[in-house]
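Report on the structure given below.
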Amino acid sequence: MVPEQHSSLLFPSFLRGSYSEVQQKAHEEGLRCGRQYLKDGRFPPPQALLEVSPGEVVVANDTIDFNRERSAWRLHRVPHVLSGLSEALDWQDTYPLRDAYEAFCRETPWGALYFAIGRTAPHGAERMSLRFQALLRFWEPLESARYLFSSPGTALTLGKLVEESCSWAMDAWCLVGGDSVRERLNTAAERMSRATREDSMEAILRQLPRVLTLARDLKDREAVADPFFQRERLSSLDSAAFERVSGAHPGTLIEKLYDWDLELGTH
C-alpha cells in the first residue's frame, strides 16, 4: 500500500528527538516493521507523522551532528531502522527484507531523500535511478525544509544538499542538459534508468579520474590509472559484479580500484 502523500512535509516521529532517543526509536521501528512483514508481507505505516515546519532544519549527516542532546530531526539515523529489520530476522538473509523496506520508504518524502543522498548499498544504475526518481517526486515538499549535511553551521536548501551529495551522479551521467540541480538530476535519473552496459562503462570511465584522487595509497597507481587497463578490467566483470559498479558511485569505484591494485600486487 502506497502511503498517502501530503502537500506539507511530514516525517515520522521516530526521527525526532535527541541523538540517543532517535537511535532507540528508529531501532524499535525496524523491529516493529520486520515482525509485521514476517506475518503478512506488509510494512505498517509509521505510528505518528509530524509536520516539518517551513524552514525547519533536518540533520542529514551523522558526521556533523555534534549537539546530540538537542531535540532535532535526525534523518541520518535511518540505518538504525535497517538494523532493527535485520534483528527481526535474527540477521539471516536480510537483504530481501531491506530491499522491500527501501521500496516502501521511497514512497515517502523522508525515505526518498534518505536513500538518494545516503550511502546505503547497492549503488547500481537501476537502483540509483529509482532513488533519484523518488526524490524528484517529493521535491516540492522537501524544498520547504533546510538541511545540515557538510557543515554544522550551514543549513542548505534542498538544491544545495543534492548538489553536495549527488554531484557524482550528475557529473557522470549528465554532461549537458539542464540548468538547475533538479533538471540535471532528472536527466541523470532518466539516463541511468535506460543505461546499457556500454553506457555505464562510459559513465564509470568519466568518474574514475576523480575517484583516483580519493584513493591515495594505491601501490601501482600508474597501472590502475591507465584507461585501457580500466576498460579491460571492467569488460571482464560478470553481470552481477558489473551491476554493483554500474551507477558509477564513488564509494563502489574506490573499492574496485583497491581490488585491482591488490590483484596487480599478487602477480
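If you're wondering about the labels, chains in the C-alpha cells are A, B, ... by order shown, residues count from 1 in each chain, ligands from 1 in order shown.
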Which residues of range 177-239 of chain A come within 8 Å of range 148-171 of chain A, and what is each one's closest atom pair and distance in Å (one decimal), counting only C-alpha atoms, sorted by chain and residue number, as a Markdown table?
| residue | atom | partner | partner_atom | distance |
| --- | --- | --- | --- | --- |
| A:Val181 | CA | A:Gly159 | CA | 6.0 |
| A:Arg182 | CA | A:Gly159 | CA | 7.0 |
| A:Arg184 | CA | A:Met170 | CA | 6.2 |
| A:Leu185 | CA | A:Met170 | CA | 6.0 |
| A:Ala188 | CA | A:Met170 | CA | 5.7 |
| A:Gln207 | CA | A:Trp168 | CA | 7.6 |
Can you spit out the residues from that selection as a CSV table (one decimal), in the first residue's frame, using C-alpha atoms?
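Output (again20.csv):
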chain,number,residue,atom,x,y,z
A,181,VAL,CA,20.2,20.8,-10.0
A,182,ARG,CA,16.7,19.4,-10.2
A,184,ARG,CA,20.3,17.7,-14.0
A,185,LEU,CA,19.3,15.1,-11.5
A,188,ALA,CA,20.8,11.7,-14.8
A,207,GLN,CA,34.2,9.2,-13.0
Counting only C-alpha atoms, which residues of range 98-175 of chain A sit at most 12 Å from some atom of range 67-89 of chain A, and what is each one's closest atom pair with its distance in Å to one decimal, listed by chain and rising residue number, as JSON lines?
{"residue": "A:Arg98", "atom": "CA", "partner": "A:Leu82", "partner_atom": "CA", "distance": 6.7}
{"residue": "A:Asp99", "atom": "CA", "partner": "A:Leu82", "partner_atom": "CA", "distance": 10.0}
{"residue": "A:Ala100", "atom": "CA", "partner": "A:Leu85", "partner_atom": "CA", "distance": 10.8}
{"residue": "A:Tyr101", "atom": "CA", "partner": "A:Leu82", "partner_atom": "CA", "distance": 8.4}
{"residue": "A:Glu102", "atom": "CA", "partner": "A:Leu82", "partner_atom": "CA", "distance": 9.2}
{"residue": "A:Cys105", "atom": "CA", "partner": "A:Val78", "partner_atom": "CA", "distance": 10.4}
{"residue": "A:Pro109", "atom": "CA", "partner": "A:Leu75", "partner_atom": "CA", "distance": 11.0}
{"residue": "A:Trp110", "atom": "CA", "partner": "A:Leu75", "partner_atom": "CA", "distance": 7.4}
{"residue": "A:Gly111", "atom": "CA", "partner": "A:Val78", "partner_atom": "CA", "distance": 8.5}
{"residue": "A:Ala112", "atom": "CA", "partner": "A:Leu75", "partner_atom": "CA", "distance": 11.0}
{"residue": "A:Leu113", "atom": "CA", "partner": "A:Leu75", "partner_atom": "CA", "distance": 8.8}
{"residue": "A:Tyr114", "atom": "CA", "partner": "A:Leu75", "partner_atom": "CA", "distance": 6.8}
{"residue": "A:Phe115", "atom": "CA", "partner": "A:Val78", "partner_atom": "CA", "distance": 9.3}
{"residue": "A:Ala116", "atom": "CA", "partner": "A:His76", "partner_atom": "CA", "distance": 12.0}
{"residue": "A:Ile117", "atom": "CA", "partner": "A:His76", "partner_atom": "CA", "distance": 9.9}
{"residue": "A:Gly118", "atom": "CA", "partner": "A:His76", "partner_atom": "CA", "distance": 7.9}
{"residue": "A:Arg119", "atom": "CA", "partner": "A:Pro79", "partner_atom": "CA", "distance": 9.9}
{"residue": "A:Thr120", "atom": "CA", "partner": "A:Pro79", "partner_atom": "CA", "distance": 8.3}
{"residue": "A:Ala121", "atom": "CA", "partner": "A:Pro79", "partner_atom": "CA", "distance": 11.5}
{"residue": "A:Ala145", "atom": "CA", "partner": "A:Trp73", "partner_atom": "CA", "distance": 10.7}
{"residue": "A:Arg146", "atom": "CA", "partner": "A:Trp73", "partner_atom": "CA", "distance": 10.7}
{"residue": "A:Tyr147", "atom": "CA", "partner": "A:Trp73", "partner_atom": "CA", "distance": 9.6}
{"residue": "A:Leu148", "atom": "CA", "partner": "A:Arg74", "partner_atom": "CA", "distance": 9.7}
{"residue": "A:Phe149", "atom": "CA", "partner": "A:His76", "partner_atom": "CA", "distance": 9.6}
{"residue": "A:Pro152", "atom": "CA", "partner": "A:Asn67", "partner_atom": "CA", "distance": 9.2}
{"residue": "A:Gly153", "atom": "CA", "partner": "A:Asn67", "partner_atom": "CA", "distance": 11.4}
Using backbone DSSP assignments, extract all helix (DSSP H, G or I) residues from range 132-245 of chain A; output them as a ChimeraX atom specification.
-> /A:132-137,139-142,158-173,181-193,197-212,221-224,227-235,239-245
Nearby residues (only C-alpha atoms) at most 10 Å from range 40-51 of chain A, same-chain spacing under 4 positions excluded, as a ChimeraX atom specification | /A:1-4,8-16,29-30,32-36,56,97,100-101,104-105
Take the selection from the previous step and output its residues with C-alpha atoms, as an mmCIF file, in the first residue's frame.
data_model
loop_
_atom_site.group_PDB
_atom_site.id
_atom_site.type_symbol
_atom_site.label_atom_id
_atom_site.label_comp_id
_atom_site.auth_asym_id
_atom_site.auth_seq_id
_atom_site.Cartn_x
_atom_site.Cartn_y
_atom_site.Cartn_z
ATOM 1 C CA MET A 1 0.000 0.000 0.000
ATOM 2 C CA VAL A 2 1.446 3.363 -1.046
ATOM 3 C CA PRO A 3 1.490 5.812 1.883
ATOM 4 C CA GLU A 4 -0.715 8.871 1.415
ATOM 5 C CA SER A 8 3.060 19.703 3.732
ATOM 6 C CA LEU A 9 6.262 17.910 4.689
ATOM 7 C CA LEU A 10 5.658 15.072 7.157
ATOM 8 C CA PHE A 11 8.352 12.977 8.827
ATOM 9 C CA PRO A 12 7.829 10.032 11.209
ATOM 10 C CA SER A 13 8.062 10.904 14.872
ATOM 11 C CA PHE A 14 10.781 8.310 15.452
ATOM 12 C CA LEU A 15 13.218 10.624 13.619
ATOM 13 C CA ARG A 16 12.618 13.471 16.079
ATOM 14 C CA GLU A 29 10.623 0.909 14.418
ATOM 15 C CA GLY A 30 12.767 -1.538 12.471
ATOM 16 C CA ARG A 32 8.160 -3.478 14.569
ATOM 17 C CA CYS A 33 8.250 -3.337 10.777
ATOM 18 C CA GLY A 34 10.277 -6.533 10.457
ATOM 19 C CA ARG A 35 7.940 -8.525 12.676
ATOM 20 C CA GLN A 36 4.861 -7.283 10.833
ATOM 21 C CA GLU A 56 12.959 23.882 9.999
ATOM 22 C CA LEU A 97 13.697 -7.527 3.556
ATOM 23 C CA ALA A 100 11.470 -4.310 0.280
ATOM 24 C CA TYR A 101 11.630 -1.745 3.078
ATOM 25 C CA PHE A 104 8.287 1.099 0.823
ATOM 26 C CA CYS A 105 10.242 4.107 2.099
#
Write out as a list in words the residues lying within 9 Å of range 216-228 of chain A, counting only C-alpha atoms and excluding same-chain residues fewer than 2 positions away.
->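 Skipping anything fewer than 2 positions along the chain leaves Leu205, Leu208, Pro209, Leu212, Thr213, Leu214, Gln230, Arg231, Glu232, Arg233, Leu257, Tyr258, Trp260, Asp261, Leu262, Leu264 and Gly265 of chain A.
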Nearest to Leu38 in chain A, chosen from A:Ser18, A:Thr196, A:Thr94, A:Asn186, with only C-alpha atoms counted in the distances =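 Among the listed residues, the smallest separation from Leu38 in chain A belongs to A:Thr94.
Here the question is which of A:Gln23, A:Ser200, A:Ser53, A:Ser129 gets nearest to Pro141 in chain A using only C-alpha atoms, and that residue is A:Ser53.
Of the residues in range 124-159 of chain A, those that DSSP places in strand (DSSP E) on the basis of the backbone are Arg146, Tyr147, Leu148, Ala155 and Leu156 of chain A.
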Saved selection, atoms kept: C-alpha atoms, as a compact mmCIF listing (two decimals), in the first residue's frame:
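File written: selection29.txt
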# COMPACT_ATOMS: atom_id res chain seq x y z
CA ARG A 146 16.67 23.21 5.38
CA TYR A 147 19.39 20.59 5.83
CA LEU A 148 22.63 20.18 7.74
CA ALA A 155 21.80 24.98 6.64
CA LEU A 156 21.37 24.07 2.98
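Taking CA of Glu28 in chain A and CA of Phe66 in chain A as the two end points, the separation is 23.3 Å.
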